[in-house]
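Undergrad: The following file, protein-v1.pdb, comprises PDB, C-alpha atoms:
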ATOM      1  CA  MET A   1      91.517  38.435 -22.062
ATOM      2  CA  THR A   2      92.355  34.811 -21.333
ATOM      3  CA  THR A   3      90.152  32.085 -22.750
ATOM      4  CA  ILE A   4      89.687  29.174 -20.372
ATOM      5  CA  ALA A   5      88.652  25.789 -21.713
ATOM      6  CA  VAL A   6      85.695  24.430 -19.780
ATOM      7  CA  ALA A   7      86.094  20.850 -18.695
ATOM      8  CA  ALA A   8      82.939  19.294 -20.109
ATOM      9  CA  THR A   9      82.717  16.653 -17.413
ATOM     10  CA  PRO A  10      79.229  15.797 -16.189
ATOM     11  CA  VAL A  11      80.002  17.373 -12.799
ATOM     12  CA  ALA A  12      81.335  20.574 -14.410
ATOM     13  CA  MET A  13      78.229  20.866 -16.570
ATOM     14  CA  GLU A  14      76.000  20.273 -13.538
ATOM     15  CA  ILE A  15      77.832  22.987 -11.568
ATOM     16  CA  ILE A  16      77.449  25.431 -14.466
ATOM     17  CA  GLY A  17      73.742  24.604 -14.739
ATOM     18  CA  GLU A  18      73.186  25.108 -11.010
ATOM     19  CA  ILE A  19      75.022  28.444 -10.961
ATOM     20  CA  GLN A  20      73.155  29.693 -14.040
ATOM     21  CA  GLY A  21      69.872  28.683 -12.415
ATOM     22  CA  LEU A  22      70.728  30.561  -9.221
ATOM     23  CA  PHE A  23      71.716  33.664 -11.181
ATOM     24  CA  ALA A  24      68.527  33.505 -13.259
ATOM     25  CA  ARG A  25      66.381  33.303 -10.118
ATOM     26  CA  GLY A  26      68.340  36.190  -8.599
ATOM     27  CA  ARG A  27      67.783  38.323 -11.706
ATOM     28  CA  HIS A  28      64.082  37.472 -11.632
ATOM     29  CA  LEU A  29      63.781  38.546  -7.975
ATOM     30  CA  GLN A  30      65.725  41.714  -8.672
ATOM     31  CA  ALA A  31      63.527  42.539 -11.665
ATOM     32  CA  HIS A  32      60.443  42.007  -9.503
ATOM     33  CA  ARG A  33      61.805  44.338  -6.809
ATOM     34  CA  SER A  34      62.735  46.992  -9.376
ATOM     35  CA  TRP A  35      59.243  46.799 -10.863
ATOM     36  CA  PHE A  36      57.836  47.353  -7.373
ATOM     37  CA  ARG A  37      59.872  50.564  -7.055
ATOM     38  CA  SER A  38      59.119  51.525 -10.692
ATOM     39  CA  VAL A  39      62.785  51.324 -11.617
ATOM     40  CA  SER A  40      63.649  49.762 -14.952
ATOM     41  CA  THR A  41      66.136  46.930 -15.129
ATOM     42  CA  ALA A  42      68.539  49.192 -17.044
ATOM     43  CA  HIS A  43      68.277  51.872 -14.354
ATOM     44  CA  LEU A  44      68.800  49.276 -11.648
ATOM     45  CA  HIS A  45      71.886  47.983 -13.453
ATOM     46  CA  VAL A  46      73.360  51.498 -13.580
ATOM     47  CA  LEU A  47      72.520  52.128  -9.922
ATOM     48  CA  MET A  48      74.225  48.930  -8.799
ATOM     49  CA  MET A  49      77.240  49.638 -11.000
ATOM     50  CA  LEU A  50      77.627  53.125  -9.516
ATOM     51  CA  GLU A  51      77.175  51.743  -6.016
ATOM     52  CA  VAL A  52      80.059  49.312  -6.496
ATOM     53  CA  GLU A  53      82.364  51.405  -8.697
ATOM     54  CA  GLY A  54      81.589  54.921  -7.474
ATOM     55  CA  ALA A  55      81.292  57.797  -9.933
ATOM     56  CA  LEU A  56      81.994  56.803 -13.542
ATOM     57  CA  SER A  57      82.642  58.858 -16.637
ATOM     58  CA  MET A  58      79.934  58.734 -19.291
ATOM     59  CA  SER A  59      82.300  56.972 -21.687
ATOM     60  CA  ARG A  60      83.211  54.325 -19.094
ATOM     61  CA  LEU A  61      79.534  53.850 -18.252
ATOM     62  CA  ALA A  62      78.609  53.427 -21.922
ATOM     63  CA  GLU A  63      81.430  50.907 -22.324
ATOM     64  CA  ALA A  64      80.374  48.953 -19.237
ATOM     65  CA  LEU A  65      76.759  48.871 -20.446
ATOM     66  CA  ASP A  66      77.931  47.945 -23.958
ATOM     67  CA  VAL A  67      75.886  50.760 -25.516
ATOM     68  CA  SER A  68      76.722  53.847 -27.551
ATOM     69  CA  LEU A  69      77.545  57.068 -25.747
ATOM     70  CA  SER A  70      74.298  58.592 -27.035
ATOM     71  CA  SER A  71      72.278  55.661 -25.621
ATOM     72  CA  ALA A  72      74.026  55.992 -22.258
ATOM     73  CA  THR A  73      73.382  59.742 -22.323
ATOM     74  CA  GLY A  74      69.658  59.152 -22.890
ATOM     75  CA  LEU A  75      69.543  56.611 -20.070
ATOM     76  CA  ILE A  76      71.341  58.942 -17.667
ATOM     77  CA  THR A  77      69.115  61.859 -18.698
ATOM     78  CA  ARG A  78      66.031  59.831 -17.727
ATOM     79  CA  MET A  79      67.637  58.718 -14.462
ATOM     80  CA  GLU A  80      68.714  62.269 -13.687
ATOM     81  CA  GLY A  81      65.141  63.432 -14.316
ATOM     82  CA  ARG A  82      63.969  60.974 -11.664
ATOM     83  CA  GLY A  83      66.633  62.211  -9.244
ATOM     84  CA  LEU A  84      68.528  58.891  -9.141
ATOM     85  CA  VAL A  85      71.882  60.132 -10.465
ATOM     86  CA  GLU A  86      73.664  63.396 -11.067
ATOM     87  CA  ARG A  87      76.244  64.526 -13.602
ATOM     88  CA  LEU A  88      79.426  66.281 -12.575
ATOM     89  CA  HIS A  89      81.945  67.966 -14.873
ATOM     90  CA  ASP A  90      85.566  66.981 -14.333
ATOM     91  CA  GLY A  91      87.521  69.817 -12.710
ATOM     92  CA  SER A  92      90.538  69.405 -14.982
ATOM     93  CA  ASP A  93      88.664  68.694 -18.234
ATOM     94  CA  ARG A  94      85.146  70.111 -18.551
ATOM     95  CA  ARG A  95      84.458  67.821 -21.528
ATOM     96  CA  VAL A  96      84.550  64.800 -19.205
ATOM     97  CA  VAL A  97      81.258  64.158 -17.417
ATOM     98  CA  HIS A  98      81.038  61.844 -14.441
ATOM     99  CA  VAL A  99      77.849  60.239 -13.153
ATOM    100  CA  ARG A 100      77.249  59.415  -9.499
ATOM    101  CA  LEU A 101      74.398  58.257  -7.294
ATOM    102  CA  THR A 102      72.181  60.782  -5.563
ATOM    103  CA  ASP A 103      70.667  60.155  -2.149
ATOM    104  CA  ALA A 104      67.516  58.875  -3.894
ATOM    105  CA  GLY A 105      69.581  56.450  -5.985
ATOM    106  CA  ARG A 106      71.484  55.269  -2.920
ATOM    107  CA  GLU A 107      68.173  54.756  -1.110
ATOM    108  CA  ILE A 108      67.159  52.242  -3.781
ATOM    109  CA  THR A 109      70.489  50.379  -3.681
ATOM    110  CA  ASP A 110      70.379  50.344   0.133
ATOM    111  CA  GLU A 111      66.836  48.968   0.056
ATOM    112  CA  LEU A 112      67.885  46.240  -2.373
ATOM    113  CA  GLU A 113      70.820  45.355  -0.123
ATOM    114  CA  VAL A 114      68.509  45.031   2.894
ATOM    115  CA  VAL A 115      66.110  42.804   0.958
ATOM    116  CA  ARG A 116      68.987  40.733  -0.453
ATOM    117  CA  HIS A 117      70.500  40.334   3.033
ATOM    118  CA  ARG A 118      67.122  39.334   4.473
ATOM    119  CA  HIS A 119      66.652  36.649   1.803
ATOM    120  CA  LEU A 120      70.202  35.337   2.170
ATOM    121  CA  SER A 121      69.911  35.281   5.978
ATOM    122  CA  ARG A 122      66.713  33.268   5.702
ATOM    123  CA  LEU A 123      68.369  30.881   3.268
ATOM    124  CA  VAL A 124      71.473  30.390   5.426
ATOM    125  CA  ALA A 125      69.416  30.031   8.616
ATOM    126  CA  ALA A 126      67.528  27.131   7.005
ATOM    127  CA  MET A 127      70.813  25.235   6.543
ATOM    128  CA  THR A 128      72.349  23.006   9.158
ATOM    129  CA  PRO A 129      75.689  24.179  10.573
ATOM    130  CA  ALA A 130      77.426  21.503   8.476
ATOM    131  CA  GLN A 131      75.670  22.727   5.307
ATOM    132  CA  GLN A 132      76.624  26.312   6.139
ATOM    133  CA  ALA A 133      80.276  25.312   6.532
ATOM    134  CA  THR A 134      80.205  23.390   3.231
ATOM    135  CA  CYS A 135      78.541  26.290   1.428
ATOM    136  CA  LEU A 136      81.056  28.776   2.834
ATOM    137  CA  GLN A 137      83.947  26.541   1.781
ATOM    138  CA  ALA A 138      82.526  26.231  -1.743
ATOM    139  CA  LEU A 139      82.023  30.008  -2.036
ATOM    140  CA  ARG A 140      85.575  30.638  -0.851
ATOM    141  CA  ILE A 141      86.839  28.235  -3.503
ATOM    142  CA  VAL A 142      84.853  30.117  -6.163
ATOM    143  CA  GLU A 143      86.130  33.477  -4.887
ATOM    144  CA  ALA A 144      89.766  32.277  -4.813
ATOM    145  CA  THR A 145      89.427  30.840  -8.324
ATOM    146  CA  MET A 146      87.925  34.073  -9.645
ATOM    147  CA  THR A 147      90.809  36.009  -8.117
ATOM    148  CA  ARG A 148      93.374  33.591  -9.552
ATOM    149  CA  LEU A 149      91.839  33.860 -13.022
ATOM    150  CA  GLY A 150      91.515  37.642 -12.796
ATOM    151  CA  ILE A 151      87.785  37.524 -13.514
ATOM    152  CA  GLU A 152      87.029  40.563 -11.359
ATOM    153  CA  GLN A 153      89.592  42.651 -13.225
ATOM    154  CA  GLU A 154      88.278  41.470 -16.621
ATOM    155  CA  HIS A 155      84.786  42.703 -15.846
ATOM    156  CA  GLY A 156      85.693  45.721 -13.735
ATOM    157  CA  ALA A 157      83.979  44.299 -10.668
ATOM    158  CA  GLY A 158      84.986  45.468  -7.225
ATOM    159  CA  ALA A 159      85.889  43.155  -4.382
ATOM    160  CA  HIS A 160      82.425  43.498  -2.841
ATOM    161  CA  CYS A 161      80.275  40.390  -3.211
ATOM    162  CA  PRO A 162      76.939  40.464  -1.337
ATOM    163  CA  VAL A 163      76.563  36.676  -1.432
ATOM    164  CA  LEU A 164      80.007  36.042   0.025
ATOM    165  CA  ASP A 165      79.566  38.853   2.559
ATOM    166  CA  ALA A 166      76.260  37.409   3.787
ATOM    167  CA  MET A 167      77.692  33.892   3.974
ATOM    168  CA  LYS A 168      80.714  35.118   5.949
ATOM    169  CA  GLU A 169      78.471  37.041   8.368
ATOM    170  CA  THR A 170      76.235  34.084   9.158
ATOM    171  CA  ALA A 171      78.655  31.144   8.950
ATOM    172  CA  PRO A 172      79.562  29.337  12.177
ATOM    173  CA  ARG A 173      83.095  30.034  13.372
TER     174      ARG A 173
END
Render the structure in this file as structure tokens.

TA:
Amino acid sequence: MTTIAVAATPVAMEIIGEIQGLFARGRHLQAHRSWFRSVSTAHLHVLMMLEVEGALSMSRLAEALDVSLSSATGLITRMEGRGLVERLHDGSDRRVVHVRLTDAGREITDELEVVRHRHLSRLVAAMTPAQQATCLQALRIVEATMTRLGIEQEHGAGAHCPVLDAMKETAPR
């Protein structure tokens, strides 16, 4: 993993503060929505991870969650009991167990995506066309920089980014 020195300029620190604030508000809204559906934050995290990555082995899931295999097993057992995920044994090695979303789990991630898209659409619609263009340009710069630095590969994230997708859909051409 590459360590990048952060330029501690006032503008850099302001950008970092703004981004952290946006992420914190997003997490708060997501936590509120998960509470509404009686889904814990941990369950929601697993659901979103499986939505993006597809089926994951239990060991990969535990690693991604930064918990022990036994903790991940307990979490998945509870989620399986609620019908949100299912376990599948690997065809070539029965010791390997994969976890994937069920229809009920996908229903929750789909609902979150609709709500997220509605909020982002409202936000973008409130901007002037010039602000939309500036925002899109800034997001593309962030996306290109993340790609250049390999940040998505470091964290195992897929190419799907709901914020960028929504901005691209609503930006003036």

Undergrad: So which residues touch A:His89 within 12 Å, counting only C-alpha atoms, skipping near sequence neighbours fewer than 4 positions away, as a list in words?

TA: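 The filter keeps Ala55, Leu56, Ser57, Met58, Asp93, Arg94, Arg95, Val96, Val97, His98, Val99 and Arg100 of chain A.
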
Undergrad: Using only C-alpha atoms, find the one residue out of A:Leu29, A:Met79, A:Leu112, A:Ala42 that sits nearest to A:Leu65.

TA: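 Once distances to A:Leu65 are computed over only C-alpha atoms, the minimum belongs to A:Ala42.
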
Undergrad: Can you tell me which residues surround A:Thr102 at a distance of at most 8 Å, considering only C-alpha atoms, apart from same-chain residues fewer than 4 positions away, and format the answer as number ranges by chain?

TA: A: 83-86, 106

Undergrad: Rounded to one decimal in Å, what is the spacing between atom CA of A:Leu139 and atom CA of A:Met49?

TA: 22.1 Å

Undergrad: Which one of A:Leu101, A:Ala24, A:Gly17, A:Val11 sits closest to A:Val46 if you count all atoms listed in the file?

TA: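 Smallest distance to A:Val46 is found for A:Leu101.
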
Undergrad: What is the atom CA of A:Gly26 to atom CA of A:Val124 distance in Å?

TA: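 Straight-line distance from atom CA of A:Gly26 to atom CA of A:Val124 works out to 15.5 Å.
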
Undergrad: Please report the interatomic distance between atom CA of A:Ala12 and atom CA of A:Ser121 in Å with one decimal.

TA: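 Distance between the two atoms: 27.6 Å.
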